[in-house]
$ cat run-v2.tsv   # TSV, C-alpha atoms
chain	number	residue	atom	x	y	z
A	289	MET	CA	7.41	10.56	17.64
A	290	THR	CA	5.95	13.06	15.28
A	291	SER	CA	6.57	14.13	11.69
A	292	PRO	CA	4.35	15.46	8.90
A	293	VAL	CA	4.39	12.02	7.27
A	294	LEU	CA	3.46	10.11	10.43
A	295	GLU	CA	0.71	12.64	11.17
A	296	ALA	CA	-0.65	12.23	7.64
A	297	ILE	CA	-0.69	8.45	8.04
A	298	TYR	CA	-2.44	8.57	11.43
A	299	ASN	CA	-4.94	11.31	10.52
A	300	ARG	CA	-6.04	10.13	7.06
A	301	ARG	CA	-9.72	9.19	6.98
A	302	SER	CA	-12.12	7.88	4.37
A	303	ILE	CA	-14.12	10.81	2.97
A	304	ARG	CA	-17.54	9.83	1.61
A	305	GLU	CA	-19.26	13.23	1.33
A	306	TYR	CA	-18.12	16.01	-0.97
A	307	THR	CA	-18.96	19.59	-1.87
A	308	ASP	CA	-20.19	20.37	-5.41
A	309	LYS	CA	-16.85	21.94	-6.33
A	310	ALA	CA	-15.18	20.35	-9.35
A	311	VAL	CA	-11.78	18.68	-8.95
A	312	ASP	CA	-8.85	20.00	-11.01
A	313	SER	CA	-7.33	17.44	-13.37
A	314	GLU	CA	-3.90	18.65	-12.29
A	315	LEU	CA	-4.60	17.43	-8.76
A	316	LEU	CA	-5.80	14.06	-10.05
A	317	HIS	CA	-2.57	13.72	-12.02
A	318	GLU	CA	-0.56	14.50	-8.89
A	319	ILE	CA	-2.48	11.78	-7.02
A	320	ILE	CA	-1.69	9.28	-9.77
A	321	LYS	CA	1.96	10.36	-9.79
A	322	ALA	CA	2.11	9.56	-6.07
A	323	GLY	CA	0.63	6.16	-6.85
A	324	ILE	CA	3.22	5.21	-9.43
A	325	TRP	CA	6.04	6.05	-7.01
A	326	ALA	CA	5.01	3.07	-4.91
A	327	PRO	CA	7.43	0.16	-5.12
A	328	SER	CA	6.53	-2.88	-7.20
A	329	GLY	CA	8.10	-6.31	-7.51
A	330	LEU	CA	10.90	-6.25	-10.11
A	331	ASN	CA	9.85	-2.57	-10.56
A	332	ASN	CA	7.23	-3.83	-13.05
A	333	GLN	CA	4.99	-0.79	-12.42
A	334	PRO	CA	1.83	-2.78	-13.22
A	335	TRP	CA	-0.69	-0.01	-12.38
A	336	ARG	CA	-3.00	1.63	-14.89
A	337	PHE	CA	-5.59	4.33	-14.24
A	338	VAL	CA	-8.83	5.70	-15.62
A	339	ILE	CA	-10.00	9.17	-14.56
A	340	ILE	CA	-13.77	9.61	-14.66
A	341	LYS	CA	-15.52	12.94	-14.24
A	342	ASP	CA	-18.38	12.50	-16.73
A	343	GLN	CA	-21.65	12.39	-14.82
A	344	GLN	CA	-23.37	9.94	-17.12
A	345	VAL	CA	-20.51	7.44	-16.86
A	346	ARG	CA	-20.42	7.87	-13.09
A	347	HIS	CA	-24.12	7.12	-12.87
A	348	ARG	CA	-23.66	3.94	-14.90
A	349	LEU	CA	-20.77	2.86	-12.65
A	350	ALA	CA	-22.88	3.65	-9.59
A	351	GLU	CA	-25.26	0.86	-10.58
A	352	GLN	CA	-22.46	-1.70	-10.19
A	353	THR	CA	-22.06	-1.38	-6.42
A	354	LYS	CA	-24.10	-0.96	-3.29
A	355	TYR	CA	-21.97	2.14	-2.61
A	356	GLY	CA	-23.34	3.80	-5.74
A	357	HIS	CA	-24.51	6.86	-3.79
A	358	ILE	CA	-20.85	7.67	-3.06
A	359	ILE	CA	-19.88	7.25	-6.70
A	360	LYS	CA	-22.74	9.50	-7.79
A	361	ALA	CA	-21.84	12.17	-5.23
A	362	ALA	CA	-18.10	12.26	-5.97
A	363	PRO	CA	-17.11	14.77	-8.67
A	364	ALA	CA	-14.19	12.55	-9.71
A	365	LEU	CA	-13.29	8.88	-9.71
A	366	ILE	CA	-10.02	7.11	-10.37
A	367	ALA	CA	-10.28	3.44	-11.29
A	368	ILE	CA	-7.06	1.53	-10.57
A	369	TYR	CA	-6.16	-1.41	-12.78
A	370	LEU	CA	-3.38	-3.95	-13.16
A	371	ASP	CA	-2.09	-4.65	-16.65
A	372	PRO	CA	-1.90	-8.44	-17.10
A	373	ALA	CA	0.76	-7.99	-19.79
A	374	VAL	CA	3.31	-6.94	-17.13
A	375	MET	CA	2.03	-8.79	-14.04
A	376	TYR	CA	4.44	-11.46	-12.78
A	377	ASN	CA	3.02	-12.76	-9.49
A	378	GLU	CA	-0.59	-12.32	-8.36
A	379	VAL	CA	0.11	-11.87	-4.66
A	380	LYS	CA	2.93	-9.39	-5.23
A	381	ASP	CA	1.07	-7.45	-7.92
A	382	HIS	CA	-1.98	-7.16	-5.67
A	383	GLN	CA	0.31	-5.91	-2.90
A	384	ALA	CA	1.79	-3.38	-5.33
A	385	ALA	CA	-1.76	-2.20	-6.09
A	386	GLY	CA	-2.35	-1.71	-2.38
A	387	ALA	CA	0.89	0.23	-1.96
A	388	CYS	CA	-0.03	2.41	-4.96
A	389	ILE	CA	-3.53	3.09	-3.60
A	390	GLN	CA	-2.18	3.98	-0.16
A	391	ASN	CA	0.17	6.55	-1.74
A	392	MET	CA	-2.81	7.93	-3.66
A	393	LEU	CA	-4.91	8.25	-0.49
A	394	LEU	CA	-2.11	10.08	1.32
A	395	ALA	CA	-1.56	12.32	-1.72
A	396	THR	CA	-5.28	13.10	-1.88
A	397	GLU	CA	-5.13	14.60	1.59
A	398	ALA	CA	-1.83	16.33	0.80
A	399	VAL	CA	-3.60	18.28	-1.99
A	400	ASP	CA	-6.55	19.07	0.31
A	401	LEU	CA	-8.98	16.65	-1.27
A	402	GLY	CA	-10.72	13.67	0.31
A	403	ALA	CA	-11.19	10.11	-0.95
A	404	VAL	CA	-12.56	6.72	-0.11
A	405	TRP	CA	-11.27	3.37	-1.37
A	406	LEU	CA	-14.14	1.37	-2.89
A	407	GLY	CA	-13.65	-2.37	-3.33
A	408	GLN	CA	-17.14	-3.84	-3.35
A	409	ILE	CA	-17.54	-2.83	-7.01
A	410	LEU	CA	-15.03	-5.58	-7.88
A	411	GLN	CA	-17.96	-7.97	-7.81
A	412	ASN	CA	-18.94	-6.44	-11.18
A	413	LYS	CA	-15.50	-5.89	-12.66
A	414	LYS	CA	-16.53	-7.22	-16.05
A	415	GLU	CA	-19.40	-4.71	-16.33
A	416	VAL	CA	-17.12	-1.88	-15.18
A	417	ASN	CA	-14.67	-2.66	-17.99
A	418	GLU	CA	-17.53	-2.65	-20.48
A	419	ILE	CA	-18.79	0.74	-19.27
A	420	LEU	CA	-15.27	2.17	-19.52
A	421	GLY	CA	-14.64	0.56	-22.92
A	422	LEU	CA	-11.60	-1.35	-21.66
A	423	ALA	CA	-10.20	-4.71	-22.69
A	424	GLU	CA	-11.67	-7.54	-20.66
A	425	ASP	CA	-8.33	-8.68	-19.28
A	426	LEU	CA	-7.43	-5.41	-17.54
A	427	ASP	CA	-7.85	-6.29	-13.87
A	428	LEU	CA	-9.83	-3.79	-11.78
A	429	MET	CA	-8.28	-3.36	-8.33
A	430	ALA	CA	-10.34	-0.54	-6.80
A	431	VAL	CA	-12.15	2.71	-7.45
A	432	LEU	CA	-11.28	5.87	-5.54
A	433	ALA	CA	-14.10	8.38	-5.11
A	434	ILE	CA	-12.54	11.83	-4.79
A	435	GLY	CA	-13.78	15.32	-4.06
A	436	HIS	CA	-13.52	18.36	-1.83
A	437	PRO	CA	-14.55	17.07	1.61
A	438	ALA	CA	-17.92	18.25	2.93
A	439	ASN	CA	-16.40	17.69	6.38
A	440	ARG	CA	-13.45	15.94	8.02
A	441	ASP	CA	-15.01	14.64	11.22
A	442	GLN	CA	-14.69	10.92	10.43
A	443	LYS	CA	-13.46	8.62	13.16
A	444	SER	CA	-11.62	5.35	12.79
A	445	GLN	CA	-10.28	2.77	15.20
A	446	ARG	CA	-7.52	0.22	15.43
A	447	LYS	CA	-6.84	-2.57	17.88
A	448	SER	CA	-3.94	-1.92	20.24
A	449	LEU	CA	-0.44	-2.34	18.85
A	450	GLY	CA	0.35	-5.32	21.04
A	451	GLU	CA	-2.39	-7.38	19.43
A	452	PHE	CA	-0.59	-7.20	16.08
A	453	ILE	CA	2.92	-8.14	17.22
A	454	LEU	CA	3.30	-11.90	17.36
A	455	GLU	CA	6.90	-12.02	18.59
A	456	GLU	CA	9.99	-9.95	19.20
A	457	ILE	CA	13.05	-12.09	18.78
B	298	MET	CA	2.72	20.81	-6.13
B	299	THR	CA	4.80	20.16	-3.07
B	300	SER	CA	4.16	19.02	0.48
B	301	PRO	CA	6.17	17.03	3.02
B	302	VAL	CA	4.01	13.98	2.28
B	303	LEU	CA	4.41	14.19	-1.52
B	304	GLU	CA	8.14	14.74	-1.11
B	305	ALA	CA	8.38	11.69	1.14
B	306	ILE	CA	6.52	9.59	-1.42
B	307	TYR	CA	8.69	10.76	-4.34
B	308	ASN	CA	12.01	10.58	-2.47
B	309	ARG	CA	11.67	7.24	-0.68
B	310	ARG	CA	14.20	4.69	-1.89
B	311	SER	CA	15.02	1.08	-1.09
B	312	ILE	CA	17.94	1.00	1.36
B	313	ARG	CA	20.02	-2.18	1.20
B	314	GLU	CA	23.17	-1.17	3.11
B	315	TYR	CA	23.24	-0.24	6.77
B	316	THR	CA	25.63	0.99	9.43
B	317	ASP	CA	26.38	-1.26	12.42
B	318	LYS	CA	24.26	0.90	14.72
B	319	ALA	CA	21.46	-1.00	16.46
B	320	VAL	CA	17.83	-0.01	15.81
B	321	ASP	CA	15.69	1.10	18.77
B	322	SER	CA	12.65	-1.07	19.38
B	323	GLU	CA	10.64	2.09	19.92
B	324	LEU	CA	11.25	3.09	16.28
B	325	LEU	CA	10.23	-0.37	15.06
B	326	HIS	CA	7.00	-0.06	17.04
B	327	GLU	CA	6.35	3.34	15.43
B	328	ILE	CA	6.86	1.77	11.99
B	329	ILE	CA	4.37	-0.99	12.81
B	330	LYS	CA	1.91	1.56	14.18
B	331	ALA	CA	2.08	3.37	10.82
B	332	GLY	CA	1.38	0.05	9.14
B	333	ILE	CA	-1.78	-0.71	11.08
B	334	TRP	CA	-3.21	2.72	10.23
B	335	ALA	CA	-3.51	1.60	6.63
B	336	PRO	CA	-7.08	0.96	5.53
B	337	SER	CA	-8.33	-2.63	5.18
B	338	GLY	CA	-11.48	-4.09	3.70
B	339	LEU	CA	-14.27	-4.13	6.32
B	340	ASN	CA	-11.56	-2.70	8.63
B	341	ASN	CA	-10.52	-6.30	9.33
B	342	GLN	CA	-6.94	-5.25	10.21
B	343	PRO	CA	-5.51	-8.59	9.05
B	344	TRP	CA	-1.82	-7.70	9.54
B	345	ARG	CA	0.50	-9.40	12.03
B	346	PHE	CA	4.19	-8.72	12.63
B	347	VAL	CA	7.33	-10.39	13.90
B	348	ILE	CA	10.32	-8.24	14.90
B	349	ILE	CA	13.66	-10.00	14.52
B	350	LYS	CA	16.93	-8.63	15.82
B	351	ASP	CA	18.59	-11.85	16.98
B	352	GLN	CA	21.62	-12.49	14.79
B	353	GLN	CA	21.32	-16.26	14.82
B	354	VAL	CA	17.70	-16.14	13.67
B	355	ARG	CA	18.57	-13.59	10.98
B	356	HIS	CA	21.30	-15.86	9.67
B	357	ARG	CA	18.87	-18.78	9.47
B	358	LEU	CA	16.34	-16.60	7.61
B	359	ALA	CA	19.09	-15.41	5.26
B	360	GLU	CA	19.42	-18.95	3.95
B	361	GLN	CA	15.83	-18.83	2.65
B	362	THR	CA	16.37	-16.17	-0.04
B	363	LYS	CA	18.90	-15.12	-2.62
B	364	TYR	CA	18.87	-11.73	-0.91
B	365	GLY	CA	20.28	-13.27	2.25
B	366	HIS	CA	23.22	-10.85	2.32
B	367	ILE	CA	20.75	-8.00	2.93
B	368	ILE	CA	19.02	-9.91	5.72
B	369	LYS	CA	22.36	-10.66	7.36
B	370	ALA	CA	23.50	-7.05	7.10
B	371	ALA	CA	20.30	-5.49	8.44
B	372	PRO	CA	20.27	-5.01	12.23
B	373	ALA	CA	16.49	-5.47	12.30
B	374	LEU	CA	13.82	-7.25	10.30
B	375	ILE	CA	10.05	-7.02	10.41
B	376	ALA	CA	8.18	-9.95	8.90
B	377	ILE	CA	4.64	-9.02	7.81
B	378	TYR	CA	1.93	-11.67	7.97
B	379	LEU	CA	-1.78	-11.99	7.31
B	380	ASP	CA	-3.88	-13.81	9.88
B	381	PRO	CA	-6.11	-16.30	8.01
B	382	ALA	CA	-8.59	-16.23	10.90
B	383	VAL	CA	-9.66	-12.69	9.94
B	384	MET	CA	-8.98	-12.65	6.18
B	385	TYR	CA	-12.15	-12.28	4.06
B	386	ASN	CA	-11.00	-11.87	0.45
B	387	GLU	CA	-7.57	-12.81	-0.88
B	388	VAL	CA	-7.19	-9.96	-3.37
B	389	LYS	CA	-8.35	-7.31	-0.91
B	390	ASP	CA	-6.32	-8.70	1.97
B	391	HIS	CA	-3.19	-8.78	-0.20
B	392	GLN	CA	-3.91	-5.17	-1.18
B	393	ALA	CA	-4.28	-4.29	2.50
B	394	ALA	CA	-0.87	-5.87	3.12
B	395	GLY	CA	0.59	-3.68	0.39
B	396	ALA	CA	-1.01	-0.54	1.83
B	397	CYS	CA	0.32	-1.48	5.28
B	398	ILE	CA	3.84	-2.08	3.95
B	399	GLN	CA	3.85	1.22	2.05
B	400	ASN	CA	2.93	3.08	5.26
B	401	MET	CA	5.77	1.22	7.00
B	402	LEU	CA	8.29	2.21	4.31
B	403	LEU	CA	7.26	5.86	4.53
B	404	ALA	CA	7.39	5.72	8.33
B	405	THR	CA	10.85	4.16	8.21
B	406	GLU	CA	12.19	7.22	6.42
B	407	ALA	CA	10.19	9.53	8.70
B	408	VAL	CA	12.13	8.15	11.68
B	409	ASP	CA	15.45	8.45	9.80
B	410	LEU	CA	15.92	4.76	9.14
B	411	GLY	CA	16.11	2.97	5.81
B	412	ALA	CA	14.39	-0.20	4.59
B	413	VAL	CA	13.92	-2.50	1.65
B	414	TRP	CA	10.84	-4.63	0.91
B	415	LEU	CA	11.90	-8.26	0.34
B	416	GLY	CA	9.46	-10.57	-1.42
B	417	GLN	CA	11.59	-13.30	-2.95
B	418	ILE	CA	11.75	-15.04	0.44
B	419	LEU	CA	8.05	-15.95	0.00
B	420	GLN	CA	9.25	-18.92	-2.04
B	421	ASN	CA	10.23	-20.47	1.31
B	422	LYS	CA	7.39	-19.21	3.47
B	423	LYS	CA	6.89	-22.59	5.13
B	424	GLU	CA	10.54	-22.69	6.26
B	425	VAL	CA	10.33	-19.09	7.48
B	426	ASN	CA	7.34	-19.94	9.69
B	427	GLU	CA	9.26	-22.91	11.10
B	428	ILE	CA	12.30	-20.79	11.93
B	429	LEU	CA	10.09	-18.22	13.64
B	430	GLY	CA	8.07	-20.89	15.46
B	431	LEU	CA	4.79	-19.73	13.93
B	432	ALA	CA	1.65	-21.67	13.01
B	433	GLU	CA	1.81	-22.98	9.46
B	434	ASP	CA	-1.31	-21.11	8.34
B	435	LEU	CA	-0.01	-17.61	9.08
B	436	ASP	CA	0.58	-16.18	5.62
B	437	LEU	CA	3.93	-14.45	5.08
B	438	MET	CA	3.53	-11.32	2.92
B	439	ALA	CA	7.00	-9.76	3.00
B	440	VAL	CA	10.08	-9.09	5.10
B	441	LEU	CA	11.37	-5.57	5.64
B	442	ALA	CA	15.11	-5.26	6.25
B	443	ILE	CA	15.68	-2.13	8.36
B	444	GLY	CA	18.68	-0.20	9.61
B	445	HIS	CA	20.47	3.11	9.71
B	446	PRO	CA	21.32	3.83	6.05
B	447	ALA	CA	24.99	3.58	5.08
B	448	ASN	CA	24.08	6.08	2.34
B	449	ARG	CA	21.03	7.53	0.60
B	450	ASP	CA	22.27	7.79	-2.97
B	451	GLN	CA	19.91	5.21	-4.49
B	452	LYS	CA	18.20	6.05	-7.75
B	453	SER	CA	14.90	4.78	-9.04
B	454	GLN	CA	12.91	5.33	-12.20
B	455	ARG	CA	9.32	5.34	-13.37
B	456	LYS	CA	7.79	5.45	-16.81
B	457	SER	CA	6.17	8.78	-17.71
B	458	LEU	CA	2.77	9.51	-16.20
B	459	GLY	CA	0.96	9.39	-19.55
B	460	GLU	CA	1.88	5.75	-20.01
B	461	PHE	CA	-0.18	4.81	-16.96
B	462	ILE	CA	-3.35	6.74	-17.73
B	463	LEU	CA	-5.61	4.72	-20.01
B	464	GLU	CA	-8.43	7.24	-20.35
B	465	GLU	CA	-9.79	10.50	-19.00
B	466	ILE	CA	-13.55	10.51	-19.36

$ encode --input "run-v2.tsv" --output "structure tokens"
Amino acid sequence: MTSPVLEAIYNRRSIREYTDKAVDSELLHEIIKAGIWAPSGLNNQPWRFVIIKDQQVRHRLAEQTKYGHIIKAAPALIAIYLDPAVMYNEVKDHQAAGACIQNMLLATEAVDLGAVWLGQILQNKKEVNEILGLAEDLDLMAVLAIGHPANRDQKSQRKSLGEFILEEI
Amino acid sequence: MTSPVLEAIYNRRSIREYTDKAVDSELLHEIIKAGIWAPSGLNNQPWRFVIIKDQQVRHRLAEQTKYGHIIKAAPALIAIYLDPAVMYNEVKDHQAAGACIQNMLLATEAVDLGAVWLGQILQNKKEVNEILGLAEDLDLMAVLAIGHPANRDQKSQRKSLGEFILEEI
């Protein structure tokens, strides 16, 4: 089987190195638009976003994770949050965040940019909210580092399909 | 902006009514393959799947959710699980499940099938594992009901983009 969508899913890779070229805000908005078209439980649309291009703020965020070098190098970041005021079920809202982020990663490649999903920074979610001037109860889900890819030669691997299928009934 | 991937993301809809036509196992395997190409934290690939076509089993599962009529009507189901033996962080593993499911939904449309993400059945996850003969600790994340769409006239709505963007720094 082949289709542009399946190819995009199979060929997407985490991009951790970027050129110096700035990222258009219009493209970042398109990436976020793709995110919000993910499904969510009860269609509660719990996602919220912060776009960060400012170098000083990026450098402060970089100190909150061992992957700070990526955050410093990326010309743009999008922090993905859940709004506790509309959350209804932790597991399902976290799943909705994952669905949203996956749409964003696919959209990033569709607009010829590259991104990596950063989760380790969640260890300092309180500090991140302080740096961004956000209410304490907004729940950080991930940070995407985004830029024009310096290269696209990343490899990735998966176990064979049969190892994932428990039963066919 | 337009691209086949962005169009797929914006045009995907939940499909809850199906024709009687059976679903090829090959297509279900393609959908699962799309799922496992989602990213996961530490690349732990925590997803597991059960394919269910058997009518008797579907009817027993239908009793576990108020959306049982959809489960009965769908010629195929895929139950998505997380394997606790490889999970490392609940939030991130639940996000990985969401990313996996979103790939599966996009792949379903790419192979000309339709699907809906069912989560309400998680209220009876213990009973579902019993019906499927699975170990109690396998963690049910969702059930996808899949079939050939009876129609594709579903509508869906999102709030405007500006309501999701907290800040641009």

$ closest_residue --input "run-v2.tsv" --among "A:Ala310, A:Ala326, A:Ile434, A:Ile366" --to "Trp414 in chain B" --atoms "all atoms listed in the file"
A:Ala326

$ atom_distance --input "run-v2.tsv" --atom1 "CA of Asp390 in chain B" --atom2 "CA of Tyr364 in chain B"
25.5 Å

$ calpha_fit_and_write --input "run-v2.tsv" --fixed "chain A" --moving "chain B" --output "compact mmCIF listing (two decimals) with C-alpha atoms, in the coordinates of the input"
# COMPACT_ATOMS: atom_id res chain seq x y z
CA MET B 298 7.43 10.55 17.65
CA THR B 299 5.95 13.05 15.27
CA SER B 300 6.57 14.12 11.69
CA PRO B 301 4.35 15.46 8.91
CA VAL B 302 4.41 12.02 7.27
CA LEU B 303 3.46 10.11 10.44
CA GLU B 304 0.72 12.64 11.17
CA ALA B 305 -0.64 12.22 7.64
CA ILE B 306 -0.68 8.45 8.05
CA TYR B 307 -2.43 8.57 11.44
CA ASN B 308 -4.93 11.30 10.51
CA ARG B 309 -6.05 10.13 7.06
CA ARG B 310 -9.71 9.18 6.98
CA SER B 311 -12.12 7.86 4.37
CA ILE B 312 -14.12 10.79 2.97
CA ARG B 313 -17.54 9.83 1.61
CA GLU B 314 -19.27 13.23 1.32
CA TYR B 315 -18.14 16.01 -0.98
CA THR B 316 -18.97 19.58 -1.87
CA ASP B 317 -20.19 20.37 -5.40
CA LYS B 318 -16.86 21.95 -6.33
CA ALA B 319 -15.19 20.35 -9.35
CA VAL B 320 -11.79 18.68 -8.95
CA ASP B 321 -8.86 19.99 -11.02
CA SER B 322 -7.35 17.44 -13.37
CA GLU B 323 -3.93 18.65 -12.30
CA LEU B 324 -4.61 17.42 -8.75
CA LEU B 325 -5.80 14.04 -10.04
CA HIS B 326 -2.58 13.72 -12.02
CA GLU B 327 -0.57 14.51 -8.87
CA ILE B 328 -2.47 11.78 -7.01
CA ILE B 329 -1.69 9.27 -9.77
CA LYS B 330 1.95 10.36 -9.80
CA ALA B 331 2.11 9.57 -6.07
CA GLY B 332 0.63 6.17 -6.86
CA ILE B 333 3.23 5.20 -9.43
CA TRP B 334 6.05 6.06 -7.01
CA ALA B 335 5.02 3.08 -4.91
CA PRO B 336 7.45 0.17 -5.11
CA SER B 337 6.54 -2.89 -7.21
CA GLY B 338 8.11 -6.31 -7.52
CA LEU B 339 10.91 -6.24 -10.13
CA ASN B 340 9.85 -2.58 -10.57
CA ASN B 341 7.24 -3.83 -13.05
CA GLN B 342 4.98 -0.79 -12.43
CA PRO B 343 1.83 -2.78 -13.23
CA TRP B 344 -0.68 -0.02 -12.37
CA ARG B 345 -3.02 1.63 -14.88
CA PHE B 346 -5.61 4.33 -14.24
CA VAL B 347 -8.85 5.70 -15.62
CA ILE B 348 -10.02 9.17 -14.56
CA ILE B 349 -13.79 9.61 -14.66
CA LYS B 350 -15.54 12.93 -14.24
CA ASP B 351 -18.38 12.51 -16.74
CA GLN B 352 -21.65 12.40 -14.82
CA GLN B 353 -23.36 9.95 -17.14
CA VAL B 354 -20.51 7.45 -16.86
CA ARG B 355 -20.42 7.87 -13.08
CA HIS B 356 -24.13 7.13 -12.88
CA ARG B 357 -23.67 3.95 -14.92
CA LEU B 358 -20.79 2.87 -12.66
CA ALA B 359 -22.90 3.64 -9.58
CA GLU B 360 -25.27 0.87 -10.59
CA GLN B 361 -22.48 -1.71 -10.19
CA THR B 362 -22.05 -1.39 -6.41
CA LYS B 363 -24.10 -0.95 -3.28
CA TYR B 364 -21.98 2.13 -2.62
CA GLY B 365 -23.35 3.79 -5.73
CA HIS B 366 -24.51 6.85 -3.79
CA ILE B 367 -20.86 7.67 -3.05
CA ILE B 368 -19.88 7.25 -6.70
CA LYS B 369 -22.73 9.51 -7.79
CA ALA B 370 -21.85 12.16 -5.22
CA ALA B 371 -18.11 12.24 -5.96
CA PRO B 372 -17.11 14.76 -8.65
CA ALA B 373 -14.20 12.55 -9.70
CA LEU B 374 -13.29 8.88 -9.70
CA ILE B 375 -10.02 7.12 -10.38
CA ALA B 376 -10.29 3.45 -11.29
CA ILE B 377 -7.07 1.52 -10.56
CA TYR B 378 -6.17 -1.42 -12.78
CA LEU B 379 -3.38 -3.95 -13.16
CA ASP B 380 -2.09 -4.64 -16.66
CA PRO B 381 -1.90 -8.44 -17.10
CA ALA B 382 0.75 -7.98 -19.79
CA VAL B 383 3.31 -6.94 -17.15
CA MET B 384 2.04 -8.78 -14.05
CA TYR B 385 4.46 -11.47 -12.78
CA ASN B 386 3.03 -12.76 -9.49
CA GLU B 387 -0.57 -12.33 -8.35
CA VAL B 388 0.13 -11.86 -4.64
CA LYS B 389 2.95 -9.38 -5.22
CA ASP B 390 1.09 -7.47 -7.91
CA HIS B 391 -1.97 -7.17 -5.66
CA GLN B 392 0.32 -5.91 -2.89
CA ALA B 393 1.80 -3.38 -5.32
CA ALA B 394 -1.74 -2.20 -6.09
CA GLY B 395 -2.34 -1.72 -2.37
CA ALA B 396 0.91 0.23 -1.94
CA CYS B 397 -0.03 2.39 -4.95
CA ILE B 398 -3.52 3.07 -3.59
CA GLN B 399 -2.17 3.98 -0.14
CA ASN B 400 0.18 6.54 -1.73
CA MET B 401 -2.81 7.91 -3.65
CA LEU B 402 -4.91 8.24 -0.47
CA LEU B 403 -2.10 10.07 1.32
CA ALA B 404 -1.55 12.31 -1.71
CA THR B 405 -5.27 13.09 -1.88
CA GLU B 406 -5.13 14.60 1.59
CA ALA B 407 -1.82 16.32 0.80
CA VAL B 408 -3.58 18.26 -1.98
CA ASP B 409 -6.54 19.06 0.30
CA LEU B 410 -8.99 16.65 -1.28
CA GLY B 411 -10.72 13.68 0.31
CA ALA B 412 -11.18 10.12 -0.95
CA VAL B 413 -12.55 6.72 -0.10
CA TRP B 414 -11.25 3.36 -1.38
CA LEU B 415 -14.14 1.35 -2.88
CA GLY B 416 -13.65 -2.38 -3.34
CA GLN B 417 -17.14 -3.85 -3.35
CA ILE B 418 -17.53 -2.82 -7.00
CA LEU B 419 -15.02 -5.57 -7.91
CA GLN B 420 -17.96 -7.98 -7.84
CA ASN B 421 -18.94 -6.43 -11.19
CA LYS B 422 -15.51 -5.86 -12.68
CA LYS B 423 -16.54 -7.21 -16.08
CA GLU B 424 -19.41 -4.70 -16.32
CA VAL B 425 -17.12 -1.88 -15.18
CA ASN B 426 -14.65 -2.65 -17.99
CA GLU B 427 -17.53 -2.63 -20.48
CA ILE B 428 -18.79 0.75 -19.29
CA LEU B 429 -15.28 2.18 -19.53
CA GLY B 430 -14.65 0.57 -22.93
CA LEU B 431 -11.61 -1.34 -21.67
CA ALA B 432 -10.19 -4.72 -22.70
CA GLU B 433 -11.69 -7.54 -20.67
CA ASP B 434 -8.34 -8.69 -19.28
CA LEU B 435 -7.45 -5.42 -17.54
CA ASP B 436 -7.85 -6.29 -13.87
CA LEU B 437 -9.84 -3.80 -11.78
CA MET B 438 -8.28 -3.37 -8.31
CA ALA B 439 -10.34 -0.55 -6.79
CA VAL B 440 -12.14 2.71 -7.44
CA LEU B 441 -11.27 5.87 -5.53
CA ALA B 442 -14.10 8.37 -5.11
CA ILE B 443 -12.54 11.84 -4.79
CA GLY B 444 -13.78 15.33 -4.05
CA HIS B 445 -13.52 18.35 -1.83
CA PRO B 446 -14.55 17.07 1.63
CA ALA B 447 -17.92 18.26 2.94
CA ASN B 448 -16.38 17.69 6.39
CA ARG B 449 -13.43 15.96 8.03
CA ASP B 450 -15.01 14.65 11.21
CA GLN B 451 -14.68 10.94 10.42
CA LYS B 452 -13.45 8.63 13.14
CA SER B 453 -11.62 5.36 12.76
CA GLN B 454 -10.28 2.78 15.18
CA ARG B 455 -7.52 0.22 15.41
CA LYS B 456 -6.85 -2.55 17.88
CA SER B 457 -3.94 -1.88 20.24
CA LEU B 458 -0.44 -2.32 18.84
CA GLY B 459 0.36 -5.32 21.04
CA GLU B 460 -2.40 -7.35 19.42
CA PHE B 461 -0.59 -7.19 16.09
CA ILE B 462 2.90 -8.12 17.22
CA LEU B 463 3.29 -11.89 17.38
CA GLU B 464 6.88 -12.02 18.60
CA GLU B 465 9.97 -9.93 19.21
CA ILE B 466 13.03 -12.10 18.78

$ closest_residue --input "run-v2.tsv" --among "A:Val293, A:Met392, A:Leu315, A:Ala433" --to "chain B" --atoms "only C-alpha atoms"
A:Val293

$ closest_residue --input "run-v2.tsv" --among "B:Ile368, B:Val408, B:Leu339, B:Val413" --to "Tyr385 in chain B" --atoms "all atoms listed in the file"
B:Leu339

$ residues_around --input "run-v2.tsv" --residues "Arg310 in chain B" --least-positions-apart "5" --cutoff "10 Å" --atoms "only C-alpha atoms" --output "MDAnalysis selection string"
(chainID A and resid 325:327) or (chainID B and resid 305 402:403 406 411:413 449:453)
